[in-house]
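Undergrad: Provided below: query-v3.cif, containing mmCIF, C-alpha atoms.
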```
data_coords
loop_
_atom_site.label_atom_id
_atom_site.label_comp_id
_atom_site.auth_asym_id
_atom_site.auth_seq_id
_atom_site.Cartn_x
_atom_site.Cartn_y
_atom_site.Cartn_z
CA MET A 1 80.48 135.18 63.13
CA ARG A 2 80.62 135.86 66.85
CA GLU A 3 79.77 133.20 69.44
CA MET A 4 76.58 133.19 71.49
CA SER A 5 76.14 133.55 75.28
CA LYS A 6 77.79 131.39 77.92
CA ILE A 7 74.59 129.45 78.73
CA ILE A 8 74.15 128.27 75.16
CA ARG A 9 77.83 127.31 74.88
CA ASN A 10 77.77 125.24 78.09
CA VAL A 11 74.54 123.44 77.16
CA THR A 12 76.01 122.61 73.74
CA ASN A 13 79.17 121.26 75.39
CA LEU A 14 77.07 118.98 77.58
CA VAL A 15 74.72 117.74 74.90
CA TYR A 16 76.31 117.49 71.45
CA GLY A 17 78.21 114.24 72.08
CA PHE A 18 75.03 112.51 73.20
CA ILE A 19 73.18 113.78 70.11
CA ILE A 20 75.90 112.36 67.84
CA ILE A 21 75.85 109.00 69.66
CA PHE A 22 72.05 108.87 69.42
CA GLY A 23 72.21 109.57 65.68
CA PHE A 24 74.67 106.72 65.13
CA TYR A 25 72.43 104.48 67.27
CA ILE A 26 69.49 105.25 64.96
CA ILE A 27 71.65 104.52 61.89
CA VAL A 28 73.04 101.19 63.14
CA HIS A 29 69.69 99.91 64.47
CA GLY A 30 67.93 100.92 61.25
CA HIS A 31 66.74 97.41 60.39
CA LEU A 32 65.20 96.77 63.84
CA THR A 33 63.71 100.00 65.18
CA PRO A 34 62.07 103.11 63.63
CA GLY A 35 64.48 105.31 61.76
CA GLY A 36 67.30 104.46 59.41
CA GLY A 37 70.09 106.05 57.47
CA PHE A 38 68.35 109.30 56.57
CA GLN A 39 66.85 110.01 60.01
CA GLY A 40 70.05 109.21 61.92
CA GLY A 41 72.13 111.30 59.53
CA ALA A 42 69.78 114.24 60.01
CA VAL A 43 70.12 113.92 63.82
CA VAL A 44 73.95 113.92 63.59
CA ALA A 45 73.86 116.95 61.28
CA SER A 46 71.65 118.81 63.76
CA ALA A 47 74.39 118.32 66.39
CA PHE A 48 76.87 119.93 63.97
CA ALA A 49 74.42 122.79 63.44
CA ALA A 50 74.17 123.31 67.22
CA MET A 51 77.98 123.49 67.48
CA LEU A 52 78.10 125.94 64.58
CA ILE A 53 75.41 128.20 66.08
CA SER A 54 76.82 128.35 69.60
CA TYR A 55 80.52 128.72 68.79
CA GLY A 56 80.43 130.67 65.55
CA GLN A 57 81.82 129.66 62.22
CA LEU A 58 85.41 130.86 62.71
CA ASN A 59 85.94 128.95 65.98
CA THR A 60 84.78 125.58 64.63
CA LYS A 61 86.93 125.69 61.51
CA LYS A 62 89.28 123.09 63.01
CA PHE A 63 86.54 120.52 63.72
CA LEU A 64 84.12 121.02 60.85
CA ASN A 65 86.14 120.91 57.64
CA ILE A 66 84.27 121.01 54.35
CA ASN A 67 86.86 118.86 52.54
CA ILE A 68 86.54 116.01 55.06
CA PHE A 69 82.74 116.16 54.76
CA SER A 70 82.99 116.02 50.97
CA LEU A 71 85.31 112.99 51.21
CA LEU A 72 82.91 111.19 53.59
CA GLU A 73 79.97 111.92 51.28
CA SER A 74 81.80 110.39 48.34
CA CYS A 75 82.76 107.37 50.50
CA GLY A 76 79.10 106.81 51.44
CA LEU A 77 77.85 106.97 47.87
CA THR A 78 80.63 104.66 46.63
CA MET A 79 79.91 102.17 49.41
CA PHE A 80 76.19 102.15 48.57
CA ILE A 81 76.66 101.48 44.85
CA GLY A 82 79.50 99.04 45.55
CA VAL A 83 77.36 96.91 47.89
CA ALA A 84 74.58 97.04 45.31
CA PHE A 85 76.94 95.80 42.57
CA LEU A 86 78.29 92.98 44.80
CA GLY A 87 74.96 91.18 44.49
CA LEU A 88 75.12 91.27 40.71
CA GLY A 89 75.63 87.49 40.55
CA THR A 90 71.86 87.16 40.86
CA THR A 91 70.38 90.64 40.39
CA PHE A 92 71.27 94.25 41.14
CA PHE A 93 70.69 95.00 44.89
CA TYR A 94 70.46 91.26 45.65
CA ASN A 95 70.62 90.54 49.39
CA PHE A 96 73.45 88.03 49.21
CA LEU A 97 74.36 88.15 52.91
CA ALA A 98 70.94 87.25 54.38
CA ASN A 99 70.73 83.85 56.12
CA SER A 100 74.26 83.03 54.99
CA GLY A 101 75.76 82.65 58.47
CA SER A 102 78.54 85.21 57.93
CA TRP A 103 78.28 89.00 58.50
CA PHE A 104 74.72 90.02 59.47
CA GLY A 105 73.71 86.55 58.34
CA ASN A 106 71.85 84.99 61.29
CA ILE A 107 68.47 83.45 60.58
CA VAL A 108 65.59 85.60 61.89
CA ILE A 109 63.73 84.02 64.84
CA PRO A 110 59.95 84.16 64.24
CA GLY A 111 57.61 85.41 66.94
CA ILE A 112 57.99 88.12 69.58
CA ASN A 113 61.62 88.58 70.69
CA ALA A 114 64.06 91.31 71.56
CA GLY A 115 65.49 91.52 68.03
CA ASP A 116 68.86 90.24 66.83
CA MET A 117 71.34 92.86 65.60
CA ASN A 118 73.18 90.29 63.47
CA THR A 119 70.44 89.73 60.87
CA ALA A 120 69.03 91.31 57.70
CA GLY A 121 72.03 90.76 55.44
CA VAL A 122 72.96 93.76 53.36
CA LEU A 123 70.48 96.25 54.85
CA PRO A 124 72.69 97.45 57.78
CA LEU A 125 75.54 98.16 55.35
CA MET A 126 73.15 100.17 53.15
CA ASN A 127 71.91 102.06 56.23
CA ILE A 128 75.48 102.91 57.26
CA ALA A 129 76.28 104.13 53.74
CA VAL A 130 73.15 106.30 53.55
CA GLY A 131 73.80 107.69 57.04
CA LEU A 132 77.38 108.65 56.15
CA GLU A 133 76.18 110.35 52.98
CA VAL A 134 73.30 112.22 54.65
CA PHE A 135 75.14 113.59 57.69
CA SER A 136 78.07 114.81 55.61
CA GLY A 137 75.77 116.29 52.96
CA LEU A 138 73.61 118.17 55.47
CA GLY A 139 76.78 119.26 57.31
CA ILE A 140 78.08 120.75 54.05
CA ILE A 141 74.75 122.57 53.58
CA VAL A 142 74.86 124.09 57.09
CA LEU A 143 78.54 125.07 56.77
CA LEU A 144 77.94 126.76 53.42
CA MET A 145 74.95 128.66 54.82
CA ALA A 146 77.12 129.98 57.70
CA ASP A 147 79.82 130.95 55.20
CA GLY A 148 77.26 132.76 53.06
CA ALA A 149 75.92 134.78 56.01
CA GLU A 150 79.47 135.79 56.97
CA TYR A 151 80.29 136.77 53.38
CA THR A 152 77.15 138.90 53.04
CA LYS A 153 77.93 140.70 56.29
CA LYS A 154 81.49 141.45 55.22
CA LYS A 155 80.33 142.76 51.83
CA GLU A 156 77.70 145.07 53.35
CA LYS A 157 80.25 146.42 55.83
CA ALA A 158 82.69 147.17 52.98
CA GLU A 159 79.95 148.96 51.06
CA ASN A 160 78.99 151.03 54.11
CA ASP A 161 82.59 152.05 54.74
CA ARG A 162 83.07 153.22 51.19
CA MET B 163 37.75 105.07 70.70
CA ASN B 164 40.03 106.18 73.50
CA SER B 165 38.96 109.57 74.77
CA PHE B 166 42.28 110.26 76.53
CA VAL B 167 44.26 109.92 73.28
CA GLU B 168 41.73 112.15 71.49
CA LEU B 169 42.12 114.76 74.22
CA ILE B 170 45.92 114.71 73.73
CA HIS B 171 45.47 115.08 69.95
CA ILE B 172 43.18 118.11 70.36
CA THR B 173 45.51 119.74 72.93
CA ILE B 174 48.59 119.33 70.74
CA LEU B 175 46.82 120.75 67.68
CA ILE B 176 45.53 123.76 69.63
CA ILE B 177 49.04 124.49 70.98
CA THR B 178 50.41 124.10 67.42
CA ILE B 179 47.98 126.69 66.04
CA PHE B 180 48.78 129.01 68.95
CA ALA B 181 52.53 128.71 68.30
CA GLY B 182 51.96 129.44 64.60
CA LEU B 183 50.02 132.58 65.54
CA LEU B 184 52.87 133.61 67.85
CA ALA B 185 55.36 133.20 64.98
CA VAL B 186 53.35 135.77 63.01
CA ILE B 187 52.68 138.15 65.92
CA PHE B 188 56.21 138.47 67.37
CA LYS B 189 58.04 141.66 66.33
CA LYS B 190 61.58 140.43 67.07
CA LEU B 191 63.06 137.94 64.61
CA LEU B 192 64.68 135.39 66.95
CA PRO B 193 61.51 134.66 69.03
CA ALA B 194 59.52 134.31 65.79
CA VAL B 195 61.99 131.71 64.51
CA ILE B 196 61.83 129.83 67.82
CA ALA B 197 58.02 129.81 67.64
CA ALA B 198 58.17 128.40 64.09
CA SER B 199 60.52 125.70 65.35
CA ALA B 200 58.05 124.91 68.16
CA VAL B 201 55.36 124.38 65.50
CA SER B 202 57.60 121.81 63.83
CA LEU B 203 58.39 120.06 67.13
CA LEU B 204 54.69 119.76 68.09
CA LEU B 205 53.93 118.48 64.58
CA SER B 206 56.51 115.75 65.06
CA LEU B 207 54.81 114.81 68.36
CA GLU B 208 51.52 114.57 66.47
CA PHE B 209 53.16 112.30 63.86
CA TYR B 210 54.39 110.07 66.67
CA LEU B 211 50.88 109.83 68.15
CA LEU B 212 49.54 108.87 64.70
CA HIS B 213 51.95 105.86 64.67
CA ALA B 214 54.46 107.25 62.16
CA PRO B 215 57.75 107.32 64.15
CA ASP B 216 59.94 107.45 61.01
CA VAL B 217 58.34 110.69 59.84
CA ALA B 218 58.44 112.03 63.41
CA ILE B 219 62.23 111.58 63.69
CA ALA B 220 62.84 113.17 60.29
CA GLU B 221 60.52 116.09 61.08
CA ALA B 222 62.12 116.73 64.49
CA ALA B 223 65.67 116.63 63.11
CA ILE B 224 65.17 118.63 59.91
CA GLY B 225 62.18 120.85 60.65
CA ALA B 226 63.07 121.80 64.20
CA GLY B 227 66.88 121.55 64.02
CA LEU B 228 68.43 122.33 60.68
CA THR B 229 65.81 124.79 59.40
CA MET B 230 66.05 126.83 62.59
CA ALA B 231 69.86 126.82 62.29
CA ILE B 232 69.70 128.18 58.74
CA PHE B 233 67.16 130.86 59.77
CA ILE B 234 69.46 131.91 62.65
CA PHE B 235 72.39 132.21 60.22
CA ALA B 236 70.24 134.44 57.99
CA ILE B 237 69.25 136.64 60.97
CA ARG B 238 72.90 136.95 62.04
CA GLY B 239 73.80 138.00 58.50
CA THR B 240 71.47 141.00 58.70
CA LYS B 241 72.98 142.47 61.90
#
```
Starting from the file, lay out its structure as structure tokens.
TA:
Amino acid sequence: MREMSKIIRNVTNLVYGFIIIFGFYIIVHGHLTPGGGFQGGAVVASAFAAMLISYGQLNTKKFLNINIFSLLESCGLTMFIGVAFLGLGTTFFYNFLANSGSWFGNIVIPGINAGDMNTAGVLPLMNIAVGLEVFSGLGIIVLLMADGAEYTKKKEKAENDR
Amino acid sequence: MNSFVELIHITILIITIFAGLLAVIFKKLLPAVIAASAVSLLLSLEFYLLHAPDVAIAEAAIGAGLTMAIFIFAIRGTK
């Protein structure tokens, strides 16, 4: 697939890093602000889609590899079910880290405040796992769609030449 | 209750319907896809005004970003 015009390429160069950072911000702050794993992962995947549109599928083969995305997706799912099984001493999905004083274990201050990142126990880990799974899964979907368009074009060209 | 907020609601919905009409009217494929993506973006603004920011983020990322990307891939495949 050929690349698009110079304006689109320059705007993508300026913007895609900020989009990825914003997506990870939404993922990590999932227990305090609107958004969470799914929404942040979708934002990161839209940055990958912008790169893929503006540069074409052949030029981004070095950065967007389908095997790495598949590995990250499996890592996210394994992390999610692993954290869920870690609370099995009480129940499945038990929030064993909340108010414990260790990782994400601070006690929540009641009333109006700015919000403490280091609270909510197991929920930030779940958000990170879901975000990893969603951005790699949607990245695989976009990459496969680009591959399919390229394949269809090649096939039609071969049929026309024959 | 607040007439200013109601005015913003009505304006956004009218622009949304207009963009949807443009997506049908346009003869070229790429402007039609961009108009459909504008419908999704204005819908996410409406979700935000109705106090549903979670749905607004998901709609803006998937409806306006990824769906438009897949439509553009399909259009490129036909050329």
Undergrad: Give me the chain B side of the contact with chain A, cut-off 8 Å, one line per residue showing its nearest atom pair and distance in Å at one decimal, counting all atoms listed in the file, sorted by chain and residue number, as JSON lines.
TA:
```
{"residue": "B:Pro215", "atom": "CA", "partner": "A:Pro34", "partner_atom": "CA", "distance": 6.1}
{"residue": "B:Asp216", "atom": "CA", "partner": "A:Gly35", "partner_atom": "CA", "distance": 5.1}
{"residue": "B:Ile219", "atom": "CA", "partner": "A:Gln39", "partner_atom": "CA", "distance": 6.1}
{"residue": "B:Ala220", "atom": "CA", "partner": "A:Gln39", "partner_atom": "CA", "distance": 5.1}
{"residue": "B:Ala223", "atom": "CA", "partner": "A:Val43", "partner_atom": "CA", "distance": 5.3}
{"residue": "B:Ile224", "atom": "CA", "partner": "A:Ala42", "partner_atom": "CA", "distance": 6.4}
{"residue": "B:Gly227", "atom": "CA", "partner": "A:Ser46", "partner_atom": "CA", "distance": 5.5}
{"residue": "B:Leu228", "atom": "CA", "partner": "A:Ser46", "partner_atom": "CA", "distance": 5.7}
{"residue": "B:Ala231", "atom": "CA", "partner": "A:Ala49", "partner_atom": "CA", "distance": 6.2}
{"residue": "B:Ile232", "atom": "CA", "partner": "A:Met145", "partner_atom": "CA", "distance": 6.6}
{"residue": "B:Ile234", "atom": "CA", "partner": "A:Ile53", "partner_atom": "CA", "distance": 7.8}
{"residue": "B:Phe235", "atom": "CA", "partner": "A:Ala146", "partner_atom": "CA", "distance": 5.8}
{"residue": "B:Ala236", "atom": "CA", "partner": "A:Ala149", "partner_atom": "CA", "distance": 6.0}
{"residue": "B:Arg238", "atom": "CA", "partner": "A:Ala149", "partner_atom": "CA", "distance": 7.1}
{"residue": "B:Gly239", "atom": "CA", "partner": "A:Ala149", "partner_atom": "CA", "distance": 4.6}
{"residue": "B:Thr240", "atom": "CA", "partner": "A:Lys153", "partner_atom": "CA", "distance": 6.9}
{"residue": "B:Lys241", "atom": "CA", "partner": "A:Lys153", "partner_atom": "CA", "distance": 7.7}
```
Undergrad: What gap, in Å, lies between atom CA of Ser136 of chain A and atom CA of Thr78 of chain A?
TA: 13.8 Å
Undergrad: Quick one: distance from atom CA of Asn95 of chain A to atom CA of Val122 of chain A in Å, one decimal?
TA: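 Here the two named atoms are 5.6 Å from each other.
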Undergrad: Name the residues in contact with Pro124 of chain A at a cut-off of 10 Å, using all atoms listed in the file, excluding same-chain residues fewer than 3 positions from it; report them as a PyMOL selection string.
TA: chain A and resi 27-32+36-37+104+117-121+127-130
Undergrad: When you draw a straight line from atom CA of Leu191 of chain B to atom CA of Leu204 of chain B, how long is it in Å?
TA: 20.3 Å
Undergrad: Here is a test: counting all atoms listed in the file, which residue of B:Val167, B:Ile187, B:Met230, B:Leu192 is nearest to Leu212 of chain B?
TA: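 Looking only at the distances to Leu212 of chain B, the closest residue turns out to be B:Val167.
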Undergrad: Would you kindly return, as an NGL selection string, each protein, DNA or RNA residue with an atom no farther than 9 Å from any atom of Ser202 of chain B, considering only C-alpha atoms and excluding same-chain residues fewer than 2 positions away?
TA: :B and (178 or 197-200 or 204-207 or 221-222 or 225-226)
Undergrad: Starting from the structure just given, write a file holding segment 95-128 of chain A with N, CA and C atoms, as a PDB file, in the first residue's frame.
TA:
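Result file decode21.pdb:
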```
ATOM      1  N   ASN A  95      -9.865  -8.839  46.288  1.00  0.00           N
ATOM      2  CA  ASN A  95      -8.972  -7.673  46.249  1.00  0.00           C
ATOM      3  C   ASN A  95      -8.039  -7.725  47.456  1.00  0.00           C
ATOM      4  N   PHE A  96      -6.966  -8.551  47.315  1.00  0.00           N
ATOM      5  CA  PHE A  96      -6.132  -8.806  48.491  1.00  0.00           C
ATOM      6  C   PHE A  96      -5.138  -7.693  48.761  1.00  0.00           C
ATOM      7  N   LEU A  97      -4.950  -6.763  47.818  1.00  0.00           N
ATOM      8  CA  LEU A  97      -3.960  -5.702  48.013  1.00  0.00           C
ATOM      9  C   LEU A  97      -4.549  -4.445  48.636  1.00  0.00           C
ATOM     10  N   ALA A  98      -5.877  -4.303  48.669  1.00  0.00           N
ATOM     11  CA  ALA A  98      -6.486  -3.054  49.123  1.00  0.00           C
ATOM     12  C   ALA A  98      -6.270  -2.867  50.616  1.00  0.00           C
ATOM     13  N   ASN A  99      -5.879  -1.638  51.006  1.00  0.00           N
ATOM     14  CA  ASN A  99      -5.659  -1.250  52.397  1.00  0.00           C
ATOM     15  C   ASN A  99      -4.607  -2.100  53.101  1.00  0.00           C
ATOM     16  N   SER A 100      -3.693  -2.712  52.319  1.00  0.00           N
ATOM     17  CA  SER A 100      -2.711  -3.572  52.957  1.00  0.00           C
ATOM     18  C   SER A 100      -1.416  -2.827  53.244  1.00  0.00           C
ATOM     19  N   GLY A 101      -1.221  -1.637  52.672  1.00  0.00           N
ATOM     20  CA  GLY A 101      -0.014  -0.876  52.935  1.00  0.00           C
ATOM     21  C   GLY A 101       1.117  -1.160  51.974  1.00  0.00           C
ATOM     22  N   SER A 102       1.000  -2.193  51.136  1.00  0.00           N
ATOM     23  CA  SER A 102       2.060  -2.489  50.169  1.00  0.00           C
ATOM     24  C   SER A 102       1.701  -1.837  48.837  1.00  0.00           C
ATOM     25  N   TRP A 103       1.887  -2.537  47.709  1.00  0.00           N
ATOM     26  CA  TRP A 103       1.596  -1.981  46.390  1.00  0.00           C
ATOM     27  C   TRP A 103       0.139  -1.567  46.299  1.00  0.00           C
ATOM     28  N   PHE A 104      -0.111  -0.345  45.843  1.00  0.00           N
ATOM     29  CA  PHE A 104      -1.466   0.196  45.650  1.00  0.00           C
ATOM     30  C   PHE A 104      -2.315  -0.043  46.894  1.00  0.00           C
ATOM     31  N   GLY A 105      -1.701   0.048  48.072  1.00  0.00           N
ATOM     32  CA  GLY A 105      -2.412  -0.368  49.265  1.00  0.00           C
ATOM     33  C   GLY A 105      -2.712   0.740  50.243  1.00  0.00           C
ATOM     34  N   ASN A 106      -2.586   2.027  49.843  1.00  0.00           N
ATOM     35  CA  ASN A 106      -2.886   3.105  50.776  1.00  0.00           C
ATOM     36  C   ASN A 106      -4.380   3.129  51.103  1.00  0.00           C
ATOM     37  N   ILE A 107      -4.689   3.636  52.284  1.00  0.00           N
ATOM     38  CA  ILE A 107      -6.092   3.745  52.683  1.00  0.00           C
ATOM     39  C   ILE A 107      -6.692   4.983  52.026  1.00  0.00           C
ATOM     40  N   VAL A 108      -7.889   4.856  51.458  1.00  0.00           N
ATOM     41  CA  VAL A 108      -8.530   5.949  50.727  1.00  0.00           C
ATOM     42  C   VAL A 108      -8.972   7.023  51.708  1.00  0.00           C
ATOM     43  N   ILE A 109      -8.601   8.305  51.398  1.00  0.00           N
ATOM     44  CA  ILE A 109      -8.998   9.427  52.256  1.00  0.00           C
ATOM     45  C   ILE A 109     -10.433   9.808  51.893  1.00  0.00           C
ATOM     46  N   PRO A 110     -11.354   9.849  52.848  1.00  0.00           N
ATOM     47  CA  PRO A 110     -12.725  10.260  52.521  1.00  0.00           C
ATOM     48  C   PRO A 110     -12.811  11.757  52.282  1.00  0.00           C
ATOM     49  N   GLY A 111     -13.846  12.172  51.581  1.00  0.00           N
ATOM     50  CA  GLY A 111     -14.053  13.586  51.301  1.00  0.00           C
ATOM     51  C   GLY A 111     -13.477  13.983  49.959  1.00  0.00           C
ATOM     52  N   ILE A 112     -13.517  15.300  49.673  1.00  0.00           N
ATOM     53  CA  ILE A 112     -13.053  15.809  48.387  1.00  0.00           C
ATOM     54  C   ILE A 112     -11.542  15.982  48.458  1.00  0.00           C
ATOM     55  N   ASN A 113     -10.802  15.297  47.588  1.00  0.00           N
ATOM     56  CA  ASN A 113      -9.351  15.489  47.507  1.00  0.00           C
ATOM     57  C   ASN A 113      -8.913  15.258  46.077  1.00  0.00           C
ATOM     58  N   ALA A 114      -7.592  15.390  45.864  1.00  0.00           N
ATOM     59  CA  ALA A 114      -7.088  15.310  44.496  1.00  0.00           C
ATOM     60  C   ALA A 114      -7.045  13.883  43.985  1.00  0.00           C
ATOM     61  N   GLY A 115      -7.124  12.882  44.856  1.00  0.00           N
ATOM     62  CA  GLY A 115      -7.065  11.501  44.412  1.00  0.00           C
ATOM     63  C   GLY A 115      -5.666  10.947  44.561  1.00  0.00           C
ATOM     64  N   ASP A 116      -5.551   9.807  45.218  1.00  0.00           N
ATOM     65  CA  ASP A 116      -4.245   9.181  45.449  1.00  0.00           C
ATOM     66  C   ASP A 116      -4.083   8.043  44.447  1.00  0.00           C
ATOM     67  N   MET A 117      -2.940   8.100  43.687  1.00  0.00           N
ATOM     68  CA  MET A 117      -2.693   7.038  42.701  1.00  0.00           C
ATOM     69  C   MET A 117      -2.485   5.690  43.371  1.00  0.00           C
ATOM     70  N   ASN A 118      -1.975   5.702  44.626  1.00  0.00           N
ATOM     71  CA  ASN A 118      -1.474   4.472  45.235  1.00  0.00           C
ATOM     72  C   ASN A 118      -2.555   3.784  46.056  1.00  0.00           C
ATOM     73  N   THR A 119      -3.785   3.735  45.527  1.00  0.00           N
ATOM     74  CA  THR A 119      -4.881   3.082  46.243  1.00  0.00           C
ATOM     75  C   THR A 119      -5.499   2.011  45.353  1.00  0.00           C
ATOM     76  N   ALA A 120      -6.622   1.473  45.806  1.00  0.00           N
ATOM     77  CA  ALA A 120      -7.519   0.603  45.034  1.00  0.00           C
ATOM     78  C   ALA A 120      -6.999  -0.806  44.838  1.00  0.00           C
ATOM     79  N   GLY A 121      -5.891  -1.177  45.438  1.00  0.00           N
ATOM     80  CA  GLY A 121      -5.503  -2.583  45.459  1.00  0.00           C
ATOM     81  C   GLY A 121      -5.225  -3.174  44.098  1.00  0.00           C
ATOM     82  N   VAL A 122      -6.038  -4.146  43.703  1.00  0.00           N
ATOM     83  CA  VAL A 122      -5.735  -4.956  42.543  1.00  0.00           C
ATOM     84  C   VAL A 122      -6.272  -4.323  41.259  1.00  0.00           C
ATOM     85  N   LEU A 123      -7.121  -3.299  41.387  1.00  0.00           N
ATOM     86  CA  LEU A 123      -7.775  -2.735  40.202  1.00  0.00           C
ATOM     87  C   LEU A 123      -6.802  -2.122  39.195  1.00  0.00           C
ATOM     88  N   PRO A 124      -5.747  -1.372  39.593  1.00  0.00           N
ATOM     89  CA  PRO A 124      -4.811  -0.868  38.579  1.00  0.00           C
ATOM     90  C   PRO A 124      -4.100  -1.977  37.821  1.00  0.00           C
ATOM     91  N   LEU A 125      -3.782  -3.078  38.507  1.00  0.00           N
ATOM     92  CA  LEU A 125      -3.139  -4.199  37.789  1.00  0.00           C
ATOM     93  C   LEU A 125      -4.093  -4.790  36.761  1.00  0.00           C
ATOM     94  N   MET A 126      -5.379  -4.931  37.129  1.00  0.00           N
ATOM     95  CA  MET A 126      -6.377  -5.427  36.173  1.00  0.00           C
ATOM     96  C   MET A 126      -6.518  -4.478  34.990  1.00  0.00           C
ATOM     97  N   ASN A 127      -6.506  -3.146  35.274  1.00  0.00           N
ATOM     98  CA  ASN A 127      -6.626  -2.172  34.194  1.00  0.00           C
ATOM     99  C   ASN A 127      -5.448  -2.270  33.240  1.00  0.00           C
ATOM    100  N   ILE A 128      -4.221  -2.444  33.797  1.00  0.00           N
ATOM    101  CA  ILE A 128      -3.042  -2.555  32.933  1.00  0.00           C
ATOM    102  C   ILE A 128      -3.133  -3.806  32.077  1.00  0.00           C
TER     103      ILE A 128
END
```
